[in-house]
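Right, one structure below, let's go through it.
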Amino acid sequence: MSEPEYVDPSQLRPGPIRHESLPPEMLEQIKAVFDVIGRYLGMTLEQFEVTFMRDTHPESEVVLWCSITAAWLAYHERFSSGKELADEDEKKLVGALIAISAGMEDVSKLGVPVDVGRRLLECYDGLSKE
């Protein structure tokens, strides 16, 4: 396996908009995700929607974000009595779940305490078993 190539983040640019619009059902799902975790993403609903319009396969991206949101809800239900944490901590949880959704399984690299990372991984992996 080759080493990952370093990319200067300042050189990254958004891709083109590939879809002029998205189906209403998909927009409803995107809004439902945003209503739950949007405040931790650092963007508006409109900006979030545009990220899906840039995606080649927005339907699979919506499924991924629904999984991230379901795991976030499961984590809070199981490990924090349904209570949300401070915004900075919640941003870290969402970031860790995004990394997990991209295949990261090394809990020491998730940017949260290792025990929290294990719990998040457990919640994310548990979705496929339900």
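Chain identifiers are assigned as A, B, and so on, following the order in which chains appear in the structure tokens; residues are numbered from 1 within each chain, and ligands are numbered from 1 in order of appearance.
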Residue neighbourhood stretch 63-74 of chain A, 12 Å, only C-alpha atoms, exclusion window fewer than 6 positions, as a compact mmCIF listing (two decimals) with N, CA and C atoms, in the first residue's frame:
```txt
# COMPACT_ATOMS: atom_id res chain seq x y z
N MET A 26 -35.15 13.50 -0.41
CA MET A 26 -33.74 13.57 -0.03
C MET A 26 -33.49 14.86 0.76
N GLU A 28 -35.60 16.35 2.62
CA GLU A 28 -36.17 16.14 3.95
C GLU A 28 -35.20 15.37 4.84
N GLN A 29 -34.56 14.34 4.29
CA GLN A 29 -33.58 13.56 5.06
C GLN A 29 -32.39 14.43 5.44
N ILE A 30 -31.93 15.25 4.50
CA ILE A 30 -30.79 16.13 4.77
C ILE A 30 -31.15 17.10 5.89
N LYS A 31 -32.36 17.65 5.84
CA LYS A 31 -32.80 18.58 6.89
C LYS A 31 -32.92 17.86 8.23
N ALA A 32 -33.41 16.63 8.23
CA ALA A 32 -33.54 15.86 9.48
C ALA A 32 -32.16 15.65 10.12
N VAL A 33 -31.17 15.31 9.30
CA VAL A 33 -29.80 15.14 9.79
C VAL A 33 -29.31 16.48 10.35
N PHE A 34 -29.52 17.54 9.59
CA PHE A 34 -29.04 18.86 10.00
C PHE A 34 -29.72 19.32 11.29
N ASP A 35 -31.00 19.01 11.44
CA ASP A 35 -31.72 19.40 12.66
C ASP A 35 -31.11 18.78 13.90
N VAL A 36 -30.51 17.60 13.75
CA VAL A 36 -29.92 16.90 14.90
C VAL A 36 -28.47 17.34 15.14
N ILE A 37 -27.63 17.31 14.10
CA ILE A 37 -26.20 17.57 14.32
C ILE A 37 -25.67 18.80 13.59
N GLY A 38 -26.51 19.50 12.89
CA GLY A 38 -26.07 20.63 12.07
C GLY A 38 -25.31 21.71 12.82
N TYR A 40 -23.19 21.49 14.94
CA TYR A 40 -21.80 21.11 15.21
C TYR A 40 -20.96 21.02 13.93
N LEU A 41 -21.57 21.33 12.78
CA LEU A 41 -20.87 21.19 11.51
C LEU A 41 -20.24 22.49 11.02
N PHE A 48 -24.90 22.94 3.75
CA PHE A 48 -24.90 21.49 3.90
C PHE A 48 -25.57 20.84 2.69
N GLU A 49 -26.71 21.39 2.28
CA GLU A 49 -27.41 20.86 1.11
C GLU A 49 -26.54 20.91 -0.14
N THR A 51 -23.39 20.66 -0.38
CA THR A 51 -22.36 19.61 -0.39
C THR A 51 -22.91 18.34 -1.04
N PHE A 52 -24.20 18.07 -0.87
CA PHE A 52 -24.81 16.89 -1.49
C PHE A 52 -25.01 17.11 -2.99
N HIS A 57 -22.85 10.85 -6.15
CA HIS A 57 -23.93 9.96 -5.72
C HIS A 57 -24.53 10.48 -4.41
N SER A 80 -24.82 9.03 27.68
CA SER A 80 -24.91 10.34 28.34
C SER A 80 -26.33 10.68 28.78
N SER A 81 -27.12 9.65 29.00
CA SER A 81 -28.50 9.83 29.46
C SER A 81 -29.29 10.79 28.57
N GLY A 82 -28.95 10.82 27.28
CA GLY A 82 -29.66 11.69 26.35
C GLY A 82 -29.24 13.14 26.40
N LYS A 83 -28.30 13.46 27.31
CA LYS A 83 -27.87 14.87 27.46
C LYS A 83 -26.74 15.18 26.50
N GLU A 84 -26.81 16.38 25.91
CA GLU A 84 -25.73 16.81 25.03
C GLU A 84 -24.59 17.39 25.86
N LEU A 85 -23.40 17.33 25.31
CA LEU A 85 -22.20 17.84 25.97
C LEU A 85 -21.96 19.29 25.53
N GLU A 90 -19.14 18.11 21.52
CA GLU A 90 -20.05 17.55 20.52
C GLU A 90 -19.42 17.60 19.13
N LYS A 91 -18.72 18.69 18.82
CA LYS A 91 -18.04 18.81 17.52
C LYS A 91 -17.02 17.68 17.37
N LYS A 92 -16.33 17.36 18.46
CA LYS A 92 -15.34 16.28 18.43
C LYS A 92 -16.02 14.93 18.21
N LEU A 93 -17.18 14.72 18.84
CA LEU A 93 -17.92 13.47 18.65
C LEU A 93 -18.34 13.33 17.19
N VAL A 94 -18.90 14.40 16.63
CA VAL A 94 -19.33 14.35 15.23
C VAL A 94 -18.12 14.12 14.32
N GLY A 95 -17.02 14.81 14.58
CA GLY A 95 -15.80 14.61 13.78
C GLY A 95 -15.32 13.17 13.85
N ALA A 96 -15.37 12.59 15.04
CA ALA A 96 -14.95 11.20 15.21
C ALA A 96 -15.88 10.27 14.43
N LEU A 97 -17.17 10.53 14.46
CA LEU A 97 -18.11 9.70 13.72
C LEU A 97 -17.92 9.83 12.21
N ILE A 98 -17.57 11.03 11.75
CA ILE A 98 -17.28 11.21 10.33
C ILE A 98 -16.06 10.36 9.96
N ALA A 99 -15.03 10.39 10.80
CA ALA A 99 -13.83 9.57 10.54
C ALA A 99 -14.18 8.08 10.55
N ILE A 100 -15.00 7.67 11.50
CA ILE A 100 -15.42 6.26 11.58
C ILE A 100 -16.18 5.88 10.30
N SER A 101 -17.05 6.77 9.85
CA SER A 101 -17.84 6.48 8.64
C SER A 101 -16.95 6.35 7.41
N ALA A 102 -15.77 6.96 7.46
CA ALA A 102 -14.81 6.88 6.35
C ALA A 102 -13.88 5.68 6.50
N GLY A 103 -14.10 4.86 7.54
CA GLY A 103 -13.33 3.64 7.70
C GLY A 103 -12.26 3.66 8.78
N VAL A 116 -14.19 6.91 24.70
CA VAL A 116 -15.28 7.54 23.94
C VAL A 116 -15.24 7.03 22.50
N GLY A 117 -14.04 6.95 21.93
CA GLY A 117 -13.89 6.43 20.57
C GLY A 117 -14.42 5.02 20.44
N ARG A 119 -16.72 3.64 22.29
CA ARG A 119 -18.19 3.70 22.39
C ARG A 119 -18.81 4.19 21.09
N LEU A 120 -18.19 5.20 20.47
CA LEU A 120 -18.71 5.71 19.19
C LEU A 120 -18.64 4.63 18.11
N LEU A 121 -17.52 3.92 18.07
CA LEU A 121 -17.35 2.83 17.10
C LEU A 121 -18.41 1.75 17.33
N GLU A 122 -18.65 1.44 18.61
CA GLU A 122 -19.66 0.45 18.97
C GLU A 122 -21.05 0.91 18.50
N CYS A 123 -21.35 2.19 18.71
CA CYS A 123 -22.66 2.72 18.28
C CYS A 123 -22.77 2.71 16.76
N TYR A 124 -21.71 3.07 16.06
CA TYR A 124 -21.74 3.12 14.60
C TYR A 124 -21.84 1.69 14.04
N ASP A 125 -21.02 0.79 14.57
CA ASP A 125 -21.05 -0.60 14.10
C ASP A 125 -22.37 -1.29 14.45
N GLY A 126 -22.95 -0.88 15.57
CA GLY A 126 -24.22 -1.49 16.01
C GLY A 126 -25.36 -1.21 15.06
N LEU A 127 -25.27 -0.16 14.27
CA LEU A 127 -26.35 0.18 13.33
C LEU A 127 -26.55 -0.91 12.29
N SER A 128 -25.45 -1.50 11.85
CA SER A 128 -25.55 -2.52 10.81
C SER A 128 -26.08 -3.85 11.36
N GLU A 130 -28.63 -4.00 13.56
CA GLU A 130 -30.02 -3.87 14.02
C GLU A 130 -30.99 -4.30 12.94
```
| said: For the helix (DSSP H, G or I) assignment from backbone DSSP, which residues of chain A qualify? Please present them as a ChimeraX atom specification. | reply: /A:9-11,24-40,45-54,58-79,87-101,107-109,114-127
Each residue of stretch 23-68 of chain A lying at most 12 Å from stretch 7-15 of chain A should get a row with its shortest atom-to-atom pair and the distance in Å to one decimal, counting only C-alpha atoms; could you produce that, ordered by chain and increasing number, as a tab-separated table?
```
residue	atom	partner	partner_atom	distance
A:Gln47	CA	A:Pro14	CA	11.5
A:Val50	CA	A:Pro14	CA	10.1
A:Thr51	CA	A:Pro14	CA	8.5
A:Phe52	CA	A:Gly15	CA	10.7
A:Met53	CA	A:Gly15	CA	9.7
A:Arg54	CA	A:Gly15	CA	6.1
A:Asp55	CA	A:Gly15	CA	8.1
A:Thr56	CA	A:Gly15	CA	9.9
```
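Considering only C-alpha atoms, the residue among A:Asp87, A:Glu20, A:Glu59, A:Asp115 positioned nearest to A:Arg39 is A:Asp87.
One distance worth recording is that between atom CA of A:Asp89 and atom CA of A:Val112, which is 8.4 Å.
Remark: for A:Glu25, the closest of the candidate residues A:Val62, A:Arg118, A:Tyr6, A:Ala86 is A:Val62 (distances computed over only C-alpha atoms).
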